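J.: Following this line is upload.txt, made up of compact mmCIF, N, CA and C atoms:
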# COMPACT_ATOMS: atom_id res chain seq x y z
N MET A 1 -25.63 22.38 -31.41
CA MET A 1 -24.81 21.18 -31.40
C MET A 1 -24.72 20.65 -32.83
N GLN A 2 -23.51 20.25 -33.19
CA GLN A 2 -23.23 19.74 -34.53
C GLN A 2 -23.44 18.23 -34.60
N LYS A 3 -23.72 17.75 -35.79
CA LYS A 3 -23.83 16.30 -36.00
C LYS A 3 -22.42 15.71 -36.11
N PRO A 4 -22.13 14.63 -35.34
CA PRO A 4 -20.79 14.05 -35.38
C PRO A 4 -20.49 13.34 -36.69
N HIS A 5 -19.22 13.31 -37.02
CA HIS A 5 -18.73 12.58 -38.18
C HIS A 5 -18.89 11.08 -37.91
N ILE A 6 -18.96 10.26 -38.93
CA ILE A 6 -19.11 8.81 -38.78
C ILE A 6 -17.96 8.22 -37.95
N SER A 7 -16.78 8.83 -38.03
CA SER A 7 -15.64 8.34 -37.25
C SER A 7 -15.91 8.40 -35.76
N PHE A 8 -16.73 9.36 -35.33
CA PHE A 8 -17.09 9.49 -33.92
C PHE A 8 -17.73 8.21 -33.41
N TRP A 9 -18.69 7.70 -34.16
CA TRP A 9 -19.41 6.49 -33.75
C TRP A 9 -18.50 5.27 -33.79
N ILE A 10 -17.61 5.23 -34.78
CA ILE A 10 -16.68 4.11 -34.89
C ILE A 10 -15.69 4.11 -33.73
N VAL A 11 -15.08 5.27 -33.45
CA VAL A 11 -14.10 5.37 -32.37
C VAL A 11 -14.75 5.05 -31.02
N ALA A 12 -15.90 5.63 -30.76
CA ALA A 12 -16.58 5.40 -29.48
C ALA A 12 -16.98 3.93 -29.32
N SER A 13 -17.45 3.31 -30.39
CA SER A 13 -17.87 1.90 -30.33
C SER A 13 -16.68 0.96 -30.13
N LEU A 14 -15.61 1.20 -30.89
CA LEU A 14 -14.41 0.37 -30.73
C LEU A 14 -13.78 0.57 -29.34
N GLY A 15 -13.79 1.81 -28.87
CA GLY A 15 -13.30 2.09 -27.53
C GLY A 15 -14.10 1.36 -26.47
N LEU A 16 -15.41 1.32 -26.66
CA LEU A 16 -16.27 0.60 -25.72
C LEU A 16 -15.96 -0.89 -25.72
N LEU A 17 -15.79 -1.47 -26.89
CA LEU A 17 -15.44 -2.89 -26.96
C LEU A 17 -14.10 -3.17 -26.27
N TRP A 18 -13.10 -2.33 -26.54
CA TRP A 18 -11.78 -2.47 -25.91
C TRP A 18 -11.90 -2.45 -24.38
N ASN A 19 -12.64 -1.46 -23.88
CA ASN A 19 -12.76 -1.32 -22.43
C ASN A 19 -13.64 -2.40 -21.81
N LEU A 20 -14.63 -2.89 -22.53
CA LEU A 20 -15.43 -4.01 -22.01
C LEU A 20 -14.59 -5.27 -21.89
N MET A 21 -13.66 -5.47 -22.84
CA MET A 21 -12.73 -6.60 -22.70
C MET A 21 -11.86 -6.42 -21.46
N GLY A 22 -11.46 -5.18 -21.18
CA GLY A 22 -10.71 -4.90 -19.97
C GLY A 22 -11.53 -5.16 -18.72
N CYS A 23 -12.81 -4.82 -18.75
CA CYS A 23 -13.70 -5.09 -17.62
C CYS A 23 -13.81 -6.59 -17.37
N MET A 24 -13.94 -7.35 -18.45
CA MET A 24 -14.00 -8.82 -18.30
C MET A 24 -12.69 -9.33 -17.70
N ASN A 25 -11.56 -8.81 -18.15
CA ASN A 25 -10.27 -9.20 -17.62
C ASN A 25 -10.19 -8.89 -16.13
N TYR A 26 -10.66 -7.72 -15.73
CA TYR A 26 -10.66 -7.34 -14.32
C TYR A 26 -11.51 -8.32 -13.50
N ILE A 27 -12.70 -8.63 -13.99
CA ILE A 27 -13.60 -9.54 -13.27
C ILE A 27 -12.96 -10.91 -13.12
N VAL A 28 -12.33 -11.40 -14.18
CA VAL A 28 -11.65 -12.70 -14.12
C VAL A 28 -10.53 -12.67 -13.08
N GLN A 29 -9.76 -11.58 -13.07
CA GLN A 29 -8.62 -11.51 -12.17
C GLN A 29 -9.00 -11.25 -10.72
N THR A 30 -10.24 -10.86 -10.46
CA THR A 30 -10.68 -10.67 -9.08
C THR A 30 -11.55 -11.82 -8.59
N ASN A 31 -11.68 -12.87 -9.40
CA ASN A 31 -12.44 -14.05 -9.01
C ASN A 31 -11.46 -15.09 -8.48
N PRO A 32 -11.49 -15.38 -7.18
CA PRO A 32 -10.51 -16.31 -6.60
C PRO A 32 -10.55 -17.71 -7.21
N ILE A 33 -11.72 -18.16 -7.62
CA ILE A 33 -11.84 -19.50 -8.21
C ILE A 33 -11.13 -19.54 -9.56
N THR A 34 -11.31 -18.52 -10.36
CA THR A 34 -10.65 -18.45 -11.67
C THR A 34 -9.15 -18.30 -11.51
N VAL A 35 -8.73 -17.45 -10.58
CA VAL A 35 -7.30 -17.23 -10.36
C VAL A 35 -6.63 -18.53 -9.91
N ALA A 36 -7.32 -19.32 -9.09
CA ALA A 36 -6.75 -20.58 -8.59
C ALA A 36 -6.49 -21.58 -9.72
N GLN A 37 -7.16 -21.43 -10.85
CA GLN A 37 -6.99 -22.34 -11.98
C GLN A 37 -5.89 -21.87 -12.93
N MET A 38 -5.34 -20.69 -12.68
CA MET A 38 -4.30 -20.14 -13.55
C MET A 38 -2.94 -20.73 -13.17
N PRO A 39 -1.96 -20.62 -14.09
CA PRO A 39 -0.60 -21.06 -13.75
C PRO A 39 -0.07 -20.29 -12.53
N ASP A 40 0.87 -20.90 -11.82
CA ASP A 40 1.40 -20.32 -10.59
C ASP A 40 1.96 -18.92 -10.78
N VAL A 41 2.60 -18.67 -11.91
CA VAL A 41 3.18 -17.34 -12.16
C VAL A 41 2.09 -16.28 -12.16
N TYR A 42 0.99 -16.53 -12.84
CA TYR A 42 -0.11 -15.57 -12.88
C TYR A 42 -0.74 -15.39 -11.51
N GLN A 43 -0.89 -16.49 -10.78
CA GLN A 43 -1.46 -16.40 -9.43
C GLN A 43 -0.59 -15.51 -8.55
N THR A 44 0.72 -15.69 -8.65
CA THR A 44 1.64 -14.90 -7.83
C THR A 44 1.52 -13.42 -8.17
N ILE A 45 1.46 -13.11 -9.45
CA ILE A 45 1.36 -11.70 -9.88
C ILE A 45 0.03 -11.10 -9.42
N ILE A 46 -1.07 -11.81 -9.65
CA ILE A 46 -2.40 -11.28 -9.32
C ILE A 46 -2.57 -11.16 -7.81
N ASN A 47 -2.20 -12.19 -7.08
CA ASN A 47 -2.38 -12.17 -5.62
C ASN A 47 -1.42 -11.21 -4.93
N GLY A 48 -0.30 -10.90 -5.57
CA GLY A 48 0.67 -9.98 -5.00
C GLY A 48 0.48 -8.54 -5.42
N ARG A 49 -0.52 -8.28 -6.23
CA ARG A 49 -0.76 -6.92 -6.72
C ARG A 49 -1.22 -6.03 -5.56
N PRO A 50 -0.59 -4.87 -5.39
CA PRO A 50 -1.01 -3.97 -4.32
C PRO A 50 -2.40 -3.37 -4.59
N VAL A 51 -3.03 -2.91 -3.53
CA VAL A 51 -4.38 -2.35 -3.64
C VAL A 51 -4.42 -1.18 -4.62
N TRP A 52 -3.39 -0.32 -4.60
CA TRP A 52 -3.40 0.84 -5.48
C TRP A 52 -3.37 0.43 -6.95
N ALA A 53 -2.69 -0.67 -7.27
CA ALA A 53 -2.64 -1.14 -8.67
C ALA A 53 -3.97 -1.78 -9.06
N THR A 54 -4.58 -2.52 -8.15
CA THR A 54 -5.89 -3.11 -8.44
C THR A 54 -6.93 -2.01 -8.61
N GLY A 55 -6.86 -0.99 -7.76
CA GLY A 55 -7.77 0.15 -7.90
C GLY A 55 -7.56 0.88 -9.21
N GLY A 56 -6.29 1.05 -9.59
CA GLY A 56 -5.99 1.68 -10.87
C GLY A 56 -6.54 0.89 -12.04
N PHE A 57 -6.45 -0.44 -11.93
CA PHE A 57 -6.98 -1.34 -12.96
C PHE A 57 -8.49 -1.12 -13.11
N ALA A 58 -9.20 -1.09 -11.97
CA ALA A 58 -10.65 -0.89 -12.00
C ALA A 58 -11.01 0.47 -12.59
N ILE A 59 -10.32 1.50 -12.14
CA ILE A 59 -10.58 2.86 -12.64
C ILE A 59 -10.30 2.93 -14.14
N ALA A 60 -9.23 2.29 -14.58
CA ALA A 60 -8.85 2.32 -15.99
C ALA A 60 -9.93 1.71 -16.87
N VAL A 61 -10.32 0.49 -16.57
CA VAL A 61 -11.23 -0.23 -17.48
C VAL A 61 -12.69 0.20 -17.33
N PHE A 62 -13.15 0.34 -16.08
CA PHE A 62 -14.54 0.75 -15.91
C PHE A 62 -14.73 2.22 -16.26
N GLY A 63 -13.74 3.05 -15.94
CA GLY A 63 -13.79 4.44 -16.36
C GLY A 63 -13.78 4.59 -17.87
N GLY A 64 -12.96 3.77 -18.53
CA GLY A 64 -12.93 3.81 -20.00
C GLY A 64 -14.24 3.38 -20.61
N ALA A 65 -14.86 2.34 -20.04
CA ALA A 65 -16.16 1.88 -20.55
C ALA A 65 -17.24 2.93 -20.35
N VAL A 66 -17.27 3.52 -19.15
CA VAL A 66 -18.26 4.58 -18.87
C VAL A 66 -17.99 5.78 -19.77
N GLY A 67 -16.73 6.13 -19.96
CA GLY A 67 -16.39 7.25 -20.84
C GLY A 67 -16.88 7.02 -22.26
N CYS A 68 -16.72 5.80 -22.75
CA CYS A 68 -17.19 5.48 -24.11
C CYS A 68 -18.71 5.52 -24.19
N LEU A 69 -19.38 5.03 -23.16
CA LEU A 69 -20.85 5.12 -23.13
C LEU A 69 -21.29 6.58 -23.14
N LEU A 70 -20.62 7.40 -22.33
CA LEU A 70 -20.94 8.83 -22.31
C LEU A 70 -20.66 9.48 -23.66
N LEU A 71 -19.61 9.04 -24.32
CA LEU A 71 -19.29 9.56 -25.64
C LEU A 71 -20.40 9.18 -26.62
N LEU A 72 -20.84 7.92 -26.57
CA LEU A 72 -21.93 7.48 -27.45
C LEU A 72 -23.23 8.24 -27.17
N LEU A 73 -23.40 8.65 -25.90
CA LEU A 73 -24.57 9.45 -25.53
C LEU A 73 -24.34 10.94 -25.78
N ARG A 74 -23.14 11.27 -26.29
CA ARG A 74 -22.75 12.62 -26.65
C ARG A 74 -22.79 13.57 -25.46
N ARG A 75 -22.20 13.13 -24.36
CA ARG A 75 -22.14 13.93 -23.14
C ARG A 75 -20.73 14.48 -22.92
N ARG A 76 -20.65 15.76 -22.56
CA ARG A 76 -19.36 16.42 -22.33
C ARG A 76 -18.59 15.83 -21.16
N VAL A 77 -19.29 15.26 -20.21
CA VAL A 77 -18.66 14.70 -19.02
C VAL A 77 -17.75 13.52 -19.37
N ALA A 78 -17.82 13.04 -20.60
CA ALA A 78 -16.94 11.95 -21.03
C ALA A 78 -15.47 12.35 -20.91
N VAL A 79 -15.16 13.62 -21.13
CA VAL A 79 -13.76 14.07 -21.11
C VAL A 79 -13.12 13.87 -19.73
N PRO A 80 -13.71 14.37 -18.63
CA PRO A 80 -13.08 14.11 -17.33
C PRO A 80 -13.08 12.64 -16.94
N VAL A 81 -14.06 11.87 -17.40
CA VAL A 81 -14.07 10.43 -17.12
C VAL A 81 -12.89 9.76 -17.82
N PHE A 82 -12.61 10.16 -19.05
CA PHE A 82 -11.44 9.62 -19.75
C PHE A 82 -10.14 10.04 -19.08
N MET A 83 -10.11 11.22 -18.46
CA MET A 83 -8.91 11.64 -17.72
C MET A 83 -8.67 10.70 -16.54
N LEU A 84 -9.74 10.36 -15.82
CA LEU A 84 -9.61 9.41 -14.71
C LEU A 84 -9.16 8.04 -15.20
N SER A 85 -9.73 7.62 -16.32
CA SER A 85 -9.36 6.32 -16.89
C SER A 85 -7.87 6.30 -17.24
N LEU A 86 -7.39 7.36 -17.86
CA LEU A 86 -5.97 7.44 -18.21
C LEU A 86 -5.10 7.41 -16.96
N ALA A 87 -5.53 8.08 -15.91
CA ALA A 87 -4.79 8.04 -14.64
C ALA A 87 -4.72 6.61 -14.10
N GLY A 88 -5.83 5.87 -14.21
CA GLY A 88 -5.84 4.47 -13.79
C GLY A 88 -4.89 3.63 -14.62
N VAL A 89 -4.87 3.87 -15.91
CA VAL A 89 -3.94 3.14 -16.80
C VAL A 89 -2.51 3.42 -16.38
N VAL A 90 -2.20 4.66 -16.06
CA VAL A 90 -0.84 5.01 -15.65
C VAL A 90 -0.45 4.25 -14.38
N LEU A 91 -1.37 4.14 -13.43
CA LEU A 91 -1.07 3.37 -12.21
C LEU A 91 -0.77 1.91 -12.54
N VAL A 92 -1.57 1.31 -13.40
CA VAL A 92 -1.36 -0.09 -13.79
C VAL A 92 -0.01 -0.25 -14.48
N VAL A 93 0.31 0.67 -15.36
CA VAL A 93 1.57 0.60 -16.10
C VAL A 93 2.77 0.78 -15.15
N ILE A 94 2.64 1.67 -14.19
CA ILE A 94 3.72 1.85 -13.20
C ILE A 94 3.97 0.53 -12.48
N HIS A 95 2.91 -0.12 -12.03
CA HIS A 95 3.07 -1.40 -11.32
C HIS A 95 3.67 -2.46 -12.24
N ALA A 96 3.14 -2.57 -13.44
CA ALA A 96 3.64 -3.58 -14.38
C ALA A 96 5.11 -3.33 -14.72
N THR A 97 5.49 -2.08 -14.88
CA THR A 97 6.86 -1.74 -15.20
C THR A 97 7.80 -2.08 -14.04
N MET A 98 7.33 -1.87 -12.81
CA MET A 98 8.13 -2.22 -11.64
C MET A 98 8.36 -3.73 -11.57
N LEU A 99 7.37 -4.51 -12.02
CA LEU A 99 7.48 -5.97 -11.96
C LEU A 99 8.30 -6.56 -13.11
N ILE A 100 7.94 -6.18 -14.34
CA ILE A 100 8.53 -6.87 -15.49
C ILE A 100 9.14 -5.94 -16.53
N GLY A 101 9.10 -4.64 -16.29
CA GLY A 101 9.63 -3.70 -17.26
C GLY A 101 8.55 -3.27 -18.25
N ILE A 102 8.95 -2.47 -19.20
CA ILE A 102 8.00 -1.97 -20.19
C ILE A 102 7.70 -3.07 -21.20
N VAL A 103 6.40 -3.30 -21.40
CA VAL A 103 5.96 -4.32 -22.36
C VAL A 103 5.01 -3.67 -23.36
N PRO A 104 4.88 -4.26 -24.55
CA PRO A 104 4.01 -3.66 -25.58
C PRO A 104 2.57 -3.45 -25.13
N SER A 105 2.03 -4.37 -24.33
CA SER A 105 0.63 -4.21 -23.90
C SER A 105 0.46 -2.98 -23.02
N SER A 106 1.47 -2.64 -22.23
CA SER A 106 1.40 -1.43 -21.40
C SER A 106 1.40 -0.18 -22.28
N VAL A 107 2.27 -0.18 -23.26
CA VAL A 107 2.35 0.95 -24.18
C VAL A 107 1.03 1.11 -24.93
N LEU A 108 0.47 -0.01 -25.39
CA LEU A 108 -0.80 0.03 -26.11
C LEU A 108 -1.93 0.57 -25.23
N SER A 109 -1.96 0.15 -23.98
CA SER A 109 -3.00 0.63 -23.06
C SER A 109 -2.93 2.14 -22.88
N VAL A 110 -1.73 2.66 -22.71
CA VAL A 110 -1.57 4.11 -22.55
C VAL A 110 -1.98 4.82 -23.84
N LEU A 111 -1.58 4.28 -24.97
CA LEU A 111 -1.93 4.90 -26.26
C LEU A 111 -3.44 4.93 -26.48
N VAL A 112 -4.12 3.83 -26.18
CA VAL A 112 -5.58 3.77 -26.39
C VAL A 112 -6.28 4.75 -25.45
N ALA A 113 -5.91 4.73 -24.17
CA ALA A 113 -6.55 5.63 -23.20
C ALA A 113 -6.28 7.09 -23.57
N GLY A 114 -5.06 7.39 -23.98
CA GLY A 114 -4.73 8.75 -24.39
C GLY A 114 -5.47 9.16 -25.65
N ALA A 115 -5.59 8.23 -26.59
CA ALA A 115 -6.30 8.54 -27.84
C ALA A 115 -7.79 8.79 -27.59
N LEU A 116 -8.39 8.01 -26.69
CA LEU A 116 -9.81 8.23 -26.38
C LEU A 116 -10.02 9.59 -25.73
N LEU A 117 -9.13 9.96 -24.82
CA LEU A 117 -9.22 11.28 -24.19
C LEU A 117 -9.04 12.37 -25.25
N TRP A 118 -8.05 12.21 -26.09
CA TRP A 118 -7.78 13.19 -27.15
C TRP A 118 -9.00 13.33 -28.08
N TYR A 119 -9.58 12.20 -28.48
CA TYR A 119 -10.72 12.25 -29.39
C TYR A 119 -11.93 12.88 -28.73
N ALA A 120 -12.13 12.59 -27.45
CA ALA A 120 -13.25 13.20 -26.72
C ALA A 120 -13.10 14.71 -26.63
N THR A 121 -11.87 15.19 -26.44
CA THR A 121 -11.66 16.64 -26.41
C THR A 121 -11.92 17.27 -27.78
N ILE A 122 -11.57 16.55 -28.83
CA ILE A 122 -11.87 17.03 -30.19
C ILE A 122 -13.39 17.10 -30.39
N ALA A 123 -14.09 16.04 -29.96
CA ALA A 123 -15.55 16.01 -30.11
C ALA A 123 -16.19 17.16 -29.33
N ARG A 124 -15.66 17.45 -28.15
CA ARG A 124 -16.19 18.56 -27.35
C ARG A 124 -15.93 19.89 -28.06
N ARG A 125 -14.72 20.06 -28.59
CA ARG A 125 -14.37 21.29 -29.29
C ARG A 125 -15.22 21.50 -30.55
N LYS A 126 -15.55 20.41 -31.23
CA LYS A 126 -16.35 20.50 -32.46
C LYS A 126 -17.84 20.61 -32.16
N ASN A 127 -18.16 20.69 -30.87
CA ASN A 127 -19.55 20.85 -30.43
C ASN A 127 -20.42 19.64 -30.78
N TRP A 128 -19.82 18.44 -30.70
CA TRP A 128 -20.58 17.21 -30.91
C TRP A 128 -21.21 16.70 -29.62
N LEU A 129 -20.75 17.26 -28.49
CA LEU A 129 -21.21 16.80 -27.18
C LEU A 129 -22.04 17.86 -26.50
N ARG A 130 -23.03 17.39 -25.71
CA ARG A 130 -23.88 18.33 -24.96
C ARG A 130 -23.37 18.44 -23.54
Using structure tokens, write down the structure from this file.
T.:
Amino acid sequence: MQKPHISFWIVASLGLLWNLMGCMNYIVQTNPITVAQMPDVYQTIINGRPVWATGGFAIAVFGGAVGCLLLLLRRRVAVPVFMLSLAGVVLVVIHATMLIGIVPSSVLSVLVAGALLWYATIARRKNWLR
């Protein structure tokens, strides 16, 4: 096994922070007390979200966080976990696009999830992962 480049630790750490923010967002949006304090528009969107989109949201953010932790632990299994996370992001983006069209945050989410998967495959190829 090879020693990873410093960029490996930076990418994995920043990815973890990004996905932990997503986890916090998910927790806030699934708390009925917090949702009740939001503007009516947000309440309508959150309460009207179908189960498949909520599940995709959970898979996207928690899968991304677990994938980043696995990356930091230098585990090969991070690659399939990032694949699941990207699939979850795609579900969320499909739902968001159906509601309001394509928005920059959706594009950014797909780019980040795709970049983490891409970087994990590079790390696996360079033999940085066990």
J.: Would you mind telling me which residue in A:Ala87, A:Leu72, A:Gly114, A:Thr97 lies nearest to Phe8 (chain A) when using only C-alpha atoms?
T.: A:Leu72
J.: Quick one: residues within 8 Å of Leu116 (chain A), all atoms listed in the file counted, chain neighbours fewer than 2 positions away excluded, as a PyMOL selection string?
T.: chain A and resi 11-12+15+78-79+82-83+110-114+118-122
J.: Can you list every residue of region 4-23 of chain A that has an atom at most 12 Å from region 43-67 of chain A, with its nearest atom pair and the distance in Å to one decimal, using only C-alpha atoms, ordered by chain then number, as JSON lines?
T.:
{"residue": "A:Val11", "atom": "CA", "partner": "A:Gly67", "partner_atom": "CA", "distance": 11.9}
{"residue": "A:Ala12", "atom": "CA", "partner": "A:Gly67", "partner_atom": "CA", "distance": 8.8}
{"residue": "A:Ser13", "atom": "CA", "partner": "A:Ala65", "partner_atom": "CA", "distance": 9.9}
{"residue": "A:Leu14", "atom": "CA", "partner": "A:Ala65", "partner_atom": "CA", "distance": 10.4}
{"residue": "A:Gly15", "atom": "CA", "partner": "A:Ala65", "partner_atom": "CA", "distance": 7.5}
{"residue": "A:Leu16", "atom": "CA", "partner": "A:Ala65", "partner_atom": "CA", "distance": 5.3}
{"residue": "A:Leu17", "atom": "CA", "partner": "A:Ala65", "partner_atom": "CA", "distance": 8.0}
{"residue": "A:Trp18", "atom": "CA", "partner": "A:Ala65", "partner_atom": "CA", "distance": 8.2}
{"residue": "A:Asn19", "atom": "CA", "partner": "A:Ala65", "partner_atom": "CA", "distance": 5.0}
{"residue": "A:Leu20", "atom": "CA", "partner": "A:Ala65", "partner_atom": "CA", "distance": 6.1}
{"residue": "A:Met21", "atom": "CA", "partner": "A:Val61", "partner_atom": "CA", "distance": 8.4}
{"residue": "A:Gly22", "atom": "CA", "partner": "A:Val61", "partner_atom": "CA", "distance": 5.3}
{"residue": "A:Cys23", "atom": "CA", "partner": "A:Val61", "partner_atom": "CA", "distance": 5.5}
J.: Let's see if you can do this: from backbone DSSP, list all alpha helix (DSSP H) residues in chain A, as a PyMOL selection string.
T.: chain A and resi 6-29+32-36+40-47+51-72+78-100+104-125
J.: Which distance in Å separates atom N of His5 (chain A) and CA of Val81 (chain A), to one decimal?
T.: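 Distance reported for this atom pair: 20.8 Å.
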J.: Name the closest residue to Val92 (chain A) among the candidates A:Ile10, A:Leu73, A:Val107, A:Leu117; distances are taken between atoms, counting only C-alpha atoms.
T.: A:Val107
J.: Between CA of Met1 (chain A) and CA of Asn127 (chain A), what distance in Å does the model show, to one decimal?
T.: 5.4 Å
